[in-house]
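Data block for my_file23.txt (compact mmCIF, C-alpha atoms and all ligand atoms):
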# COMPACT_ATOMS: atom_id res chain seq x y z
CA MET A 20 103.06 99.15 115.54
CA SER A 21 105.77 98.61 118.17
CA HIS A 22 104.88 98.05 121.83
CA THR A 23 105.94 101.54 122.74
CA ASP A 24 103.81 103.01 119.96
CA LEU A 25 100.90 101.00 121.30
CA ASP A 26 101.63 102.25 124.83
CA GLN A 27 101.44 105.77 123.51
CA LYS A 28 98.28 105.06 121.52
CA ALA A 29 96.61 103.57 124.62
CA LYS A 30 97.37 106.69 126.64
CA THR A 31 95.99 108.85 123.84
CA ILE A 32 92.75 106.84 123.82
CA LEU A 33 92.30 107.40 127.54
CA THR A 34 93.01 111.11 127.33
CA ASP A 35 90.80 111.51 124.24
CA ASN A 36 87.91 109.72 125.98
CA ASP A 37 88.42 111.79 129.15
CA GLN A 38 85.49 114.11 129.79
CA GLY A 39 87.20 116.07 132.56
CA GLY A 40 87.67 113.60 135.41
CA TYR A 41 85.69 110.68 134.08
CA THR A 42 86.12 108.63 130.93
CA ILE A 43 83.59 107.37 128.41
CA PRO A 44 84.07 103.78 127.12
CA THR A 45 84.18 104.96 123.48
CA LYS A 46 82.82 107.86 121.46
CA GLY A 47 79.43 107.41 119.79
CA LEU A 48 78.30 104.02 121.11
CA TYR A 49 78.77 104.76 124.85
CA PRO A 50 78.75 108.52 125.58
CA TYR A 51 78.42 108.34 129.41
CA GLN A 52 80.32 107.13 132.46
CA TRP A 53 79.97 103.36 132.87
CA ASN A 54 80.68 101.79 136.24
CA TRP A 55 83.14 98.93 135.75
CA ASP A 56 84.61 100.51 132.62
CA SER A 57 85.64 103.51 134.69
CA VAL A 58 87.16 101.38 137.39
CA PHE A 59 89.33 99.43 134.92
CA VAL A 60 90.19 102.71 133.23
CA ALA A 61 91.62 103.90 136.56
CA LEU A 62 94.20 101.11 136.32
CA GLY A 63 95.28 102.46 132.93
CA PHE A 64 95.55 106.05 134.14
CA ALA A 65 97.49 104.85 137.18
CA GLU A 66 100.35 103.96 134.85
CA PHE A 67 100.99 107.60 133.99
CA ASP A 68 98.78 109.79 136.20
CA GLN A 69 97.80 108.34 139.58
CA ASP A 70 95.94 111.44 140.68
CA ARG A 71 93.73 111.13 137.59
CA ALA A 72 93.17 107.43 138.36
CA TRP A 73 91.69 108.27 141.78
CA ARG A 74 89.57 111.03 140.27
CA GLU A 75 87.92 108.50 137.93
CA ILE A 76 86.71 106.39 140.84
CA GLU A 77 85.81 109.36 143.02
CA MET A 78 83.61 110.73 140.23
CA LEU A 79 81.89 107.35 139.91
CA PHE A 80 81.09 107.39 143.62
CA GLU A 81 79.67 110.92 143.28
CA GLY A 82 76.72 109.17 141.65
CA GLN A 83 76.14 106.72 144.52
CA TRP A 84 72.50 106.35 145.49
CA ARG A 85 71.16 107.06 148.98
CA ASP A 86 70.55 103.31 149.41
CA GLY A 87 74.23 102.54 148.66
CA MET A 88 73.95 101.42 145.05
CA VAL A 89 76.57 102.67 142.59
CA PRO A 90 74.77 102.84 139.23
CA HIS A 91 75.89 101.19 136.04
CA ILE A 92 75.63 104.43 134.00
CA LEU A 93 75.85 108.06 135.15
CA PHE A 94 74.11 110.39 132.73
CA ARG A 95 76.05 113.54 133.56
CA LYS A 96 74.69 115.23 130.45
CA ASP A 97 71.91 114.19 128.12
CA ASP A 98 73.11 112.66 124.86
CA PRO A 99 70.43 111.84 122.30
CA SER A 100 72.79 109.43 120.51
CA TYR A 101 72.29 106.87 123.30
CA PHE A 102 69.24 104.76 124.09
CA PRO A 103 67.84 104.09 126.70
CA GLY A 104 68.62 107.46 128.26
CA PRO A 105 67.60 108.94 131.63
CA GLY A 106 63.95 109.45 130.63
CA VAL A 107 63.41 105.72 130.09
CA TRP A 108 65.03 104.73 133.38
CA GLY A 109 63.01 107.22 135.44
CA THR A 110 65.22 106.97 138.53
CA ASP A 111 65.58 109.34 141.46
CA GLY A 112 67.95 107.49 143.78
CA GLY A 113 71.03 109.69 143.74
CA PRO A 114 72.49 113.11 143.01
CA ILE A 115 73.24 112.45 139.31
CA PRO A 116 70.71 111.10 136.75
CA SER A 117 71.52 107.43 136.28
CA SER A 118 70.37 103.99 135.24
CA GLY A 119 68.57 101.99 137.92
CA HIS A 120 70.87 99.05 138.63
CA SER A 121 74.54 98.41 139.23
CA GLN A 122 77.42 96.65 137.48
CA PRO A 123 80.15 94.24 138.67
CA PRO A 124 81.77 95.71 141.81
CA VAL A 125 85.44 95.77 140.83
CA ALA A 126 86.10 99.06 142.65
CA ALA A 127 87.45 97.71 145.96
CA SER A 128 89.94 95.52 144.10
CA VAL A 129 91.20 98.33 141.92
CA ILE A 130 91.42 100.72 144.88
CA LEU A 131 93.59 98.19 146.71
CA ASP A 132 95.80 98.01 143.63
CA LEU A 133 96.11 101.82 143.57
CA VAL A 134 97.07 101.80 147.24
CA GLU A 135 99.66 99.04 146.83
CA ASN A 136 101.31 100.75 143.85
CA ASP A 137 101.04 104.31 145.06
CA ARG A 138 103.61 106.91 144.11
CA THR A 139 101.66 109.95 145.31
CA GLY A 140 101.77 109.45 149.08
CA LYS A 141 98.05 110.29 149.14
CA ALA A 142 96.57 106.88 148.46
CA LEU A 143 95.59 105.86 151.99
CA GLU A 144 93.87 109.17 152.56
CA ARG A 145 91.89 108.82 149.34
CA ALA A 146 91.06 105.18 150.05
CA SER A 147 89.89 106.14 153.52
CA ALA A 148 87.52 108.73 152.06
CA LEU A 149 86.06 106.09 149.71
CA LEU A 150 85.74 103.35 152.33
CA PRO A 151 82.26 104.32 153.65
CA GLY A 152 80.94 104.38 150.08
CA LEU A 153 82.45 100.98 149.35
CA MET A 154 81.00 99.52 152.56
CA ALA A 155 77.55 100.92 151.72
CA TRP A 156 77.68 99.52 148.18
CA HIS A 157 78.74 96.06 149.36
CA ARG A 158 76.00 96.06 152.03
CA TRP A 159 73.53 97.04 149.31
CA TYR A 160 74.61 94.03 147.25
CA LEU A 161 74.06 91.67 150.18
CA ASN A 162 70.72 93.17 151.19
CA TYR A 163 69.11 93.52 147.79
CA ARG A 164 70.85 91.12 145.43
CA ASP A 165 71.02 88.30 147.97
CA PRO A 166 67.98 88.99 150.15
CA LYS A 167 67.76 85.37 151.31
CA GLY A 168 71.40 85.32 152.45
CA LEU A 169 72.38 82.49 150.11
CA GLY A 170 75.89 83.81 149.55
CA VAL A 171 75.34 84.30 145.82
CA ILE A 172 74.65 87.58 144.07
CA ALA A 173 71.77 87.87 141.63
CA VAL A 174 71.39 90.37 138.83
CA ILE A 175 68.02 91.97 138.12
CA HIS A 176 68.88 92.70 134.51
CA PRO A 177 71.34 91.14 132.03
CA TRP A 178 72.97 94.59 131.86
CA GLU A 179 73.69 94.46 135.59
CA SER A 180 75.99 91.49 134.99
CA GLY A 181 78.11 93.54 132.58
CA ARG A 182 77.88 90.54 130.24
CA ASP A 183 74.78 91.74 128.49
CA ASN A 184 73.55 89.03 126.20
CA LEU A 185 75.23 85.96 127.55
CA PRO A 186 73.39 82.71 126.71
CA ASP A 187 72.97 82.17 130.49
CA TRP A 188 70.26 84.83 130.51
CA ASP A 189 68.27 83.39 127.57
CA ASP A 190 65.74 81.23 129.43
CA ALA A 191 65.17 83.71 132.25
CA LEU A 192 64.77 86.50 129.70
CA ARG A 193 62.29 84.52 127.64
CA ALA A 194 60.11 84.23 130.76
CA VAL A 195 59.87 88.04 130.98
CA GLU A 196 56.57 89.30 129.66
CA VAL A 197 56.94 92.08 127.08
CA LYS A 198 54.85 94.94 128.44
CA ASP A 199 54.70 98.61 129.36
CA ILE A 200 57.17 99.67 126.69
CA ALA A 201 56.57 102.62 124.39
CA PRO A 202 57.63 102.42 120.73
CA TYR A 203 61.38 102.95 120.65
CA GLU A 204 64.32 103.36 118.34
CA ARG A 205 67.57 101.60 119.21
CA LYS A 206 70.77 103.56 118.75
CA ASP A 207 73.35 100.79 119.23
CA THR A 208 72.72 99.26 115.80
CA SER A 209 73.35 102.59 114.12
CA HIS A 210 76.87 102.66 115.59
CA VAL A 211 77.90 99.03 115.00
CA ASP A 212 76.94 96.05 112.81
CA PRO A 213 73.57 94.61 113.99
CA ALA A 214 74.98 91.09 113.52
CA MET A 215 77.15 91.73 116.57
CA ARG A 216 74.38 93.16 118.76
CA PRO A 217 71.43 91.61 120.62
CA HIS A 218 68.23 90.70 118.74
CA LYS A 219 65.04 92.82 118.89
CA GLU A 220 63.15 90.16 120.97
CA ASP A 221 65.87 90.49 123.61
CA TYR A 222 65.77 94.27 123.50
CA ASP A 223 61.99 94.33 124.09
CA ARG A 224 62.55 92.27 127.21
CA TYR A 225 65.47 94.39 128.41
CA LEU A 226 63.12 97.38 128.30
CA SER A 227 60.25 95.45 129.92
CA ILE A 228 62.47 94.70 132.94
CA VAL A 229 63.34 98.41 133.19
CA ALA A 230 59.61 99.23 133.01
CA ALA A 231 58.78 96.75 135.79
CA CYS A 232 61.43 98.20 138.10
CA ARG A 233 60.36 101.74 137.28
CA LYS A 234 56.85 100.73 138.35
CA ALA A 235 58.33 99.51 141.65
CA GLY A 236 59.83 103.00 142.03
CA TRP A 237 63.32 101.44 141.93
CA ASP A 238 62.80 100.58 145.61
CA PRO A 239 65.53 97.94 146.02
CA ALA A 240 63.54 95.67 148.36
CA LYS A 241 60.51 95.76 146.04
CA VAL A 242 62.73 95.20 143.02
CA ALA A 243 64.31 92.14 144.67
CA GLU A 244 60.87 90.75 145.40
CA THR A 245 59.06 91.54 142.16
CA CYS A 246 61.56 91.96 139.35
CA PRO A 247 60.69 89.48 136.56
CA PHE A 248 64.39 88.72 136.16
CA PHE A 249 66.50 87.60 139.14
CA VAL A 250 69.41 85.36 138.25
CA ALA A 251 72.38 84.38 140.42
CA ASP A 252 75.44 85.26 138.37
CA PRO A 253 78.81 83.54 138.82
CA GLY A 254 80.51 86.63 137.33
CA VAL A 255 79.19 89.15 139.84
CA THR A 256 79.35 86.60 142.66
CA PHE A 257 83.06 85.89 142.09
CA ILE A 258 83.95 89.52 141.48
CA PHE A 259 82.10 90.48 144.66
CA LEU A 260 83.79 87.76 146.71
CA ARG A 261 87.16 88.95 145.45
CA ALA A 262 86.21 92.56 146.09
CA ASN A 263 85.32 91.67 149.70
CA ARG A 264 88.74 90.08 150.24
CA ASP A 265 90.38 93.22 148.84
CA LEU A 266 88.09 95.47 150.87
CA LEU A 267 89.18 93.55 153.97
CA SER A 268 92.84 94.24 153.14
CA LEU A 269 91.98 97.91 152.74
CA ALA A 270 90.09 98.05 156.05
CA GLU A 271 93.05 96.38 157.78
CA LYS A 272 95.53 98.81 156.24
CA LEU A 273 93.31 101.64 157.50
CA ASP A 274 92.96 100.07 160.99
CA ARG A 275 89.19 99.88 160.67
CA THR A 276 88.52 96.94 162.99
CA GLU A 277 84.75 97.17 163.00
CA GLU A 278 84.50 97.22 159.22
CA ALA A 279 87.07 94.43 158.94
CA ASN A 280 84.99 92.19 161.20
CA GLU A 281 81.84 92.90 159.22
CA ILE A 282 83.62 92.07 155.96
CA ARG A 283 84.97 88.79 157.36
CA GLY A 284 81.37 87.70 157.88
CA TRP A 285 80.54 88.55 154.24
CA ILE A 286 83.50 86.54 152.99
CA ALA A 287 82.48 83.46 154.99
CA LEU A 288 78.93 83.70 153.65
CA MET A 289 80.06 84.20 150.05
CA GLU A 290 82.65 81.41 150.14
CA ALA A 291 80.00 78.91 151.15
CA GLY A 292 77.39 80.35 148.78
CA ALA A 293 79.56 80.58 145.68
CA LYS A 294 80.08 76.82 145.83
CA THR A 295 76.36 76.25 145.31
CA LEU A 296 76.78 77.52 141.73
CA TRP A 297 78.86 74.42 140.93
CA ASN A 298 77.26 72.36 138.20
CA PRO A 299 78.52 68.80 138.84
CA ASP A 300 77.69 67.62 135.32
CA LEU A 301 79.74 70.39 133.76
CA GLN A 302 82.39 70.57 136.48
CA ALA A 303 82.19 74.36 136.54
CA HIS A 304 80.24 77.17 138.21
CA VAL A 305 77.21 78.43 136.30
CA ALA A 306 74.19 80.73 136.77
CA ILE A 307 70.98 79.82 138.61
CA ASP A 308 67.65 81.45 137.82
CA GLU A 309 66.37 82.22 141.31
CA ARG A 310 62.78 82.53 140.06
CA SER A 311 62.61 79.09 138.39
CA GLY A 312 65.43 77.39 140.32
CA LYS A 313 66.98 76.27 137.02
CA MET A 314 70.73 75.97 136.64
CA THR A 315 72.27 76.93 133.28
CA ASP A 316 74.16 74.38 131.20
CA GLY A 317 77.07 76.32 129.71
CA ILE A 318 80.55 77.34 130.78
CA SER A 319 81.25 81.05 130.41
CA SER A 320 84.45 83.03 130.87
CA ALA A 321 83.12 83.92 134.35
CA SER A 322 83.29 80.25 135.36
CA PHE A 323 87.08 80.72 135.36
CA LEU A 324 86.79 83.65 137.79
CA ALA A 325 86.34 81.12 140.63
CA LEU A 326 90.14 81.26 140.97
CA TYR A 327 90.13 85.07 141.05
CA ALA A 328 87.57 84.77 143.85
CA GLY A 329 90.06 82.66 145.79
CA LEU A 330 88.40 79.26 145.26
CA THR A 331 91.69 77.64 144.34
CA ASP A 332 91.25 74.18 145.89
CA ALA A 333 92.20 71.27 143.63
CA ALA A 334 88.55 70.27 143.15
CA THR A 335 87.98 73.62 141.42
CA LEU A 336 91.37 74.23 139.83
CA LYS A 337 91.81 70.86 138.10
CA PRO A 338 88.49 70.87 136.17
CA LEU A 339 89.05 74.52 135.18
CA GLN A 340 92.51 73.68 133.84
CA ALA A 341 90.98 70.84 131.83
CA HIS A 342 88.27 73.15 130.44
CA PHE A 343 90.90 75.76 129.64
CA ASP A 344 92.92 73.25 127.60
CA ARG A 345 89.85 71.89 125.83
CA ILE A 346 88.76 75.41 124.84
CA ALA A 347 92.31 76.37 123.84
CA ALA A 348 92.30 73.49 121.38
CA ARG A 349 89.14 74.92 119.77
CA VAL A 350 90.02 78.61 119.37
CA ARG A 351 93.15 80.58 118.55
CA TYR A 352 92.70 83.29 121.22
CA MET A 353 91.68 82.75 124.83
CA MET A 354 89.27 83.26 126.61
CA PRO A 355 86.03 83.19 124.62
CA SER A 356 83.12 84.57 126.63
CA TYR A 357 81.16 81.36 126.03
CA ASP A 358 82.14 77.74 125.59
CA PRO A 359 82.84 77.08 121.89
CA ASP A 360 81.46 73.56 122.35
CA HIS A 361 78.07 74.92 123.45
CA ARG A 362 75.20 75.23 120.96
CA CYS A 363 74.77 78.95 121.73
CA TYR A 364 78.36 79.92 120.96
CA GLU A 365 78.75 82.69 118.34
CA PRO A 366 82.29 84.05 117.91
CA LEU A 367 81.29 87.61 117.05
CA ARG A 368 77.99 88.27 118.78
CA TYR A 369 78.15 90.21 121.98
CA TRP A 370 79.03 88.02 125.00
CA ARG A 371 78.16 84.81 123.18
CA GLY A 372 81.74 84.05 122.20
CA PRO A 373 84.03 87.09 121.80
CA VAL A 374 87.07 87.79 123.99
CA TRP A 375 87.21 90.80 126.36
CA ALA A 376 90.60 92.05 127.59
CA MET A 377 89.52 92.93 131.12
CA ILE A 378 88.00 89.48 131.69
CA ASN A 379 91.31 87.93 130.58
CA PHE A 380 93.12 90.16 133.05
CA MET A 381 90.99 88.89 135.95
CA ILE A 382 91.09 85.24 134.91
CA ALA A 383 94.87 85.40 134.55
CA LYS A 384 95.21 86.93 138.00
CA GLY A 385 93.27 83.98 139.40
CA PHE A 386 95.39 81.38 137.60
CA ARG A 387 98.57 83.09 138.71
CA GLU A 388 97.45 83.24 142.33
CA ALA A 389 96.54 79.55 142.11
CA GLY A 390 100.15 78.89 141.05
CA ASP A 391 99.36 78.25 137.37
CA THR A 392 101.65 80.73 135.64
CA VAL A 393 101.52 78.85 132.34
CA ARG A 394 97.84 79.50 131.70
CA ALA A 395 98.11 83.00 133.19
CA ASP A 396 100.90 83.85 130.73
CA ARG A 397 98.96 82.37 127.84
CA LEU A 398 96.09 84.77 128.61
CA ARG A 399 98.40 87.75 128.73
CA ARG A 400 100.14 86.81 125.50
CA ASP A 401 96.84 86.26 123.70
CA THR A 402 95.49 89.59 124.93
CA ALA A 403 98.63 91.35 123.70
CA SER A 404 98.47 89.57 120.31
CA LEU A 405 94.83 90.54 119.84
CA ILE A 406 95.57 94.19 120.50
CA GLU A 407 98.72 94.13 118.38
CA ALA A 408 96.78 92.61 115.48
CA SER A 409 93.46 94.45 115.75
CA GLY A 410 93.97 97.54 117.89
CA PHE A 411 92.02 98.71 120.92
CA ALA A 412 88.67 97.20 119.94
CA GLU A 413 85.78 96.66 122.35
CA TYR A 414 86.15 92.87 121.96
CA PHE A 415 87.68 90.29 119.62
CA SER A 416 86.87 87.11 117.75
CA PRO A 417 88.48 84.16 119.55
CA GLU A 418 88.87 82.47 116.16
CA THR A 419 90.30 85.11 113.83
CA GLY A 420 91.35 87.80 116.30
CA ALA A 421 89.30 90.39 114.39
CA GLY A 422 88.32 93.39 116.48
CA ALA A 423 84.60 94.08 116.85
CA GLY A 424 82.05 96.41 118.45
CA GLY A 425 83.31 99.91 119.21
CA GLY A 426 86.88 101.09 118.46
CA SER A 427 89.36 103.20 120.49
CA PHE A 428 87.94 101.53 123.56
CA SER A 429 88.97 102.81 126.97
CA TRP A 430 89.12 99.60 129.01
CA THR A 431 91.01 97.75 126.29
CA ALA A 432 93.57 100.58 126.33
CA ALA A 433 93.69 100.50 130.15
CA ILE A 434 94.24 96.74 130.31
CA TRP A 435 97.00 97.06 127.74
CA LEU A 436 98.74 99.66 129.88
CA THR A 437 98.32 97.93 133.22
CA TRP A 438 98.99 94.34 132.17
CA ALA A 439 99.06 93.16 128.57
CA SER A 440 101.77 95.44 127.14
CA PRO A 441 105.07 93.55 126.90
CA SER A 442 106.85 96.74 127.85
CA HIS A 443 104.95 96.92 131.10
CA ALA A 444 107.09 96.89 134.23
CA ARG A 445 104.63 94.72 136.09
CA GLN A 446 104.23 92.29 133.21
CA ALA A 447 104.89 89.29 135.44
CA ALA A 448 102.33 90.44 138.02
C1 LIG B 501 78.34 96.86 127.14
C2 LIG B 501 79.02 95.77 127.98
C3 LIG B 501 79.22 96.29 129.40
C4 LIG B 501 80.02 97.58 129.35
C5 LIG B 501 79.40 98.60 128.38
C6 LIG B 501 80.30 99.79 128.14
O1 LIG B 501 77.10 97.17 127.60
O2 LIG B 501 78.28 94.61 127.98
O3 LIG B 501 79.89 95.36 130.18
O4 LIG B 501 80.12 98.13 130.61
O5 LIG B 501 79.16 98.00 127.14
O6 LIG B 501 81.55 99.37 127.67
Have the structure of the file written as structure tokens, please.
Amino acid sequence: MSHTDLDQKAKTILTDNDQGGYTIPTKGLYPYQWNWDSVFVALGFAEFDQDRAWREIEMLFEGQWRDGMVPHILFRKDDPSYFPGPGVWGTDGGPIPSSGHSQPPVAASVILDLVENDRTGKALERASALLPGLMAWHRWYLNYRDPKGLGVIAVIHPWESGRDNLPDWDDALRAVEVKDIAPYERKDTSHVDPAMRPHKEDYDRYLSIVAACRKAGWDPAKVAETCPFFVADPGVTFIFLRANRDLLSLAEKLDRTEEANEIRGWIALMEAGAKTLWNPDLQAHVAIDERSGKMTDGISSASFLALYAGLTDAATLKPLQAHFDRIAARVRYMMPSYDPDHRCYEPLRYWRGPVWAMINFMIAKGFREAGDTVRADRLRRDTASLIEASGFAEYFSPETGAGAGGGSFSWTAAIWLTWASPSHARQAA
């Protein structure tokens, strides 16, 4: 297929997955609105319908909880083809039935992008209406995912990280006692090959964490104190730090001095805190289990997001460039979600090796901003080649380029449109 055919196909995927203002990640496997999927999807819509791009994010914020949290899934209508559905989560925090935790907060960054590339003349007004929600969500992150004020953000569930079965969660997950779960039937393995999905032992523990938080009534302070899983995640930490910088730009554009000052304090805290995730043996940032104090021993694609977070000093950049080149010598397509030299690497199992387009987009942005256009371009070219060879898959093998997981995937289509497509006007951005 030519680039322009792929551009057209990507738009068709977004419009086909559109449910009337919000977009599902893919039919069958993910029939609801997912948090960070939707936000990336907005970037795709923005290429041909900016009004629709804003609507996507506005509809996500319609599900914001009273405590400020923006949930990872909004169950706008019940769909028996998905498990675990609203009944298992048992939440009551907001106006729309939802899961009980969040997902990586990319919204402020994407909203800034929509403002900076606006063609509607309405962007500042729409950003201004979303600002209180963004502020509340970011405060929620600081209060309940960093209750000790360490400047790092923890996730209370592997699903909250958006990188569901990353090897970094293995030890912390193993420490979760399997209890309070009713017999259940998974639905994910009926949509895609079980060899690409998490194992049953993991799934039991995923549901046990949900059960523990349900018992705590999803009260965020209680959850932070008692959840059996509480792991500082470099992915969410870096995305949040970046989102705070972008939120600050938004607040400044909107002349919101009070908010801007508050955000400056968050950035200072997070800049200092993020550095504590540095593993000196590995020369990269990793996760820390806040319950056991243990640091993980593997480099993930999120380690490279340090640059995206603005940590572009030579002491961070140089080791990441070296890791990038080492990994590039091991696989054909960058960036695998886990280090191919690590014992846990699996090229086709969910988050233990495969490549995701939207992670490449963020890593490349970081390299480019750090002045490294060579590695940034490599990521864009690889992302384009993967999509050209295997279509708009959920994720790809870094070794063969084969597409895996769900097909006709919304965020892969969106990232193609906003960045990877060679015909894209902003291809050098
Ligand atoms: C999986 C991914 C998560 C994503 C969701 C929908 O759960 O791990 O990041 O949001 O699928 O695409």
Next item on the list: Please provide the set of residues having any atom within 10 Å of Gly112 of chain A, restricted to all atoms listed in the file, with same-chain residues fewer than 3 positions apart removed, written as number ranges by chain.
Entry: A: 82-90, 109, 115-119, 236-238
Notebook entry, point to check: What is the atom CA of Ser409 of chain A-atom CA of Ala325 of chain A distance in Å, reported with one decimal?
Noted result: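 That distance, rounded to one decimal, is 29.1 Å.
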Next item on the list: Would you list the contacts of segment 434-445 of chain A as a PyMOL selection string, taking every protein, DNA or RNA residue within 9 Å and counting all atoms listed in the file, but skipping same-chain residues closer than 2 positions in sequence?
Entry: chain A and resi 22-23+25-26+29-30+59-60+62-66+376-377+380+398-403+406+411+429-432+447-448
Notebook entry, point to check: Can you list, as a list of chain:residue names, every protein, DNA or RNA residue that comes within 9 Å of Ala395 of chain A when you count only C-alpha atoms, leaving out same-chain residues fewer than 6 positions away?
Noted result: A:Asn379, A:Phe380, A:Ile382, A:Ala383, A:Lys384, A:Gly385, A:Phe386, A:Arg387
Quick one: contact table of chain A to ligand LIG 501 (chain B), 10 Å max, nearest atom pair and distance in Å to one decimal per residue, counting all atoms listed in the file, chain and number order, as a tab-separated table?
residue	atom	partner	partner_atom	distance
A:Ile43	CA	B:LIG501	C6	8.3
A:Pro44	CA	B:LIG501	O6	5.1
A:Thr45	CA	B:LIG501	O6	7.5
A:Leu48	CA	B:LIG501	C6	8.4
A:Tyr49	CA	B:LIG501	C6	6.2
A:Pro50	CA	B:LIG501	C6	9.2
A:Tyr51	CA	B:LIG501	C6	8.8
A:Gln52	CA	B:LIG501	C6	8.5
A:Trp53	CA	B:LIG501	O4	5.7
A:Asn54	CA	B:LIG501	O4	6.7
A:Trp55	CA	B:LIG501	O4	6.0
A:Asp56	CA	B:LIG501	O4	5.5
A:Ser57	CA	B:LIG501	O4	8.7
A:His91	CA	B:LIG501	O4	7.5
A:Ile92	CA	B:LIG501	O4	8.4
A:Gln122	CA	B:LIG501	O4	7.5
A:Pro123	CA	B:LIG501	O3	8.6
A:Pro177	CA	B:LIG501	O2	8.8
A:Trp178	CA	B:LIG501	O1	6.5
A:Glu179	CA	B:LIG501	O3	8.3
A:Ser180	CA	B:LIG501	O3	7.3
A:Gly181	CA	B:LIG501	O3	3.5
A:Arg182	CA	B:LIG501	O2	4.7
A:Asp183	CA	B:LIG501	O2	4.6
A:Asn184	CA	B:LIG501	O2	7.5
A:Leu185	CA	B:LIG501	O2	9.2
A:Asp207	CA	B:LIG501	O1	9.9
A:Arg216	CA	B:LIG501	C1	10.0
A:Tyr369	CA	B:LIG501	O2	7.4
A:Trp370	CA	B:LIG501	O2	7.3
A:Trp375	CA	B:LIG501	O3	9.4
A:Met377	CA	B:LIG501	O3	10.0
A:Glu413	CA	B:LIG501	O6	7.3
A:Tyr414	CA	B:LIG501	C2	9.8
A:Gly424	CA	B:LIG501	O5	9.3
A:Gly425	CA	B:LIG501	O6	8.7
A:Phe428	CA	B:LIG501	O6	7.9
A:Ser429	CA	B:LIG501	O6	8.2
A:Trp430	CA	B:LIG501	O6	7.7
A:Thr431	CA	B:LIG501	O6	9.7
What does the file look like for those residues with C-alpha atoms, as a CSV table (one decimal), keeping the file's coordinate frame?
chain,number,residue,atom,x,y,z
A,43,ILE,CA,83.6,107.4,128.4
A,44,PRO,CA,84.1,103.8,127.1
A,45,THR,CA,84.2,105.0,123.5
A,48,LEU,CA,78.3,104.0,121.1
A,49,TYR,CA,78.8,104.8,124.8
A,50,PRO,CA,78.8,108.5,125.6
A,51,TYR,CA,78.4,108.3,129.4
A,52,GLN,CA,80.3,107.1,132.5
A,53,TRP,CA,80.0,103.4,132.9
A,54,ASN,CA,80.7,101.8,136.2
A,55,TRP,CA,83.1,98.9,135.8
A,56,ASP,CA,84.6,100.5,132.6
A,57,SER,CA,85.6,103.5,134.7
A,91,HIS,CA,75.9,101.2,136.0
A,92,ILE,CA,75.6,104.4,134.0
A,122,GLN,CA,77.4,96.6,137.5
A,123,PRO,CA,80.2,94.2,138.7
A,177,PRO,CA,71.3,91.1,132.0
A,178,TRP,CA,73.0,94.6,131.9
A,179,GLU,CA,73.7,94.5,135.6
A,180,SER,CA,76.0,91.5,135.0
A,181,GLY,CA,78.1,93.5,132.6
A,182,ARG,CA,77.9,90.5,130.2
A,183,ASP,CA,74.8,91.7,128.5
A,184,ASN,CA,73.6,89.0,126.2
A,185,LEU,CA,75.2,86.0,127.6
A,207,ASP,CA,73.4,100.8,119.2
A,216,ARG,CA,74.4,93.2,118.8
A,369,TYR,CA,78.2,90.2,122.0
A,370,TRP,CA,79.0,88.0,125.0
A,375,TRP,CA,87.2,90.8,126.4
A,377,MET,CA,89.5,92.9,131.1
A,413,GLU,CA,85.8,96.7,122.4
A,414,TYR,CA,86.2,92.9,122.0
A,424,GLY,CA,82.0,96.4,118.4
A,425,GLY,CA,83.3,99.9,119.2
A,428,PHE,CA,87.9,101.5,123.6
A,429,SER,CA,89.0,102.8,127.0
A,430,TRP,CA,89.1,99.6,129.0
A,431,THR,CA,91.0,97.8,126.3
Checklist line | Of the listed residues A:Asp221, A:Asp274, A:Asp137, A:Glu418, that which approaches His176 of chain A most closely, counting only C-alpha atoms | finding: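 For His176 of chain A, the nearest of the candidates is A:Asp221.
Atom pair atom CA of Trp156 of chain A / atom CA of Glu309 of chain A: separated by 21.8 Å.
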Checklist line | Near-Ala231 of chain A list (9 Å; all atoms listed in the file; drop same-chain fewer than 2 positions) as an NGL selection string | finding: :A and (198-199 or 226-229 or 233-237 or 242 or 245-247)
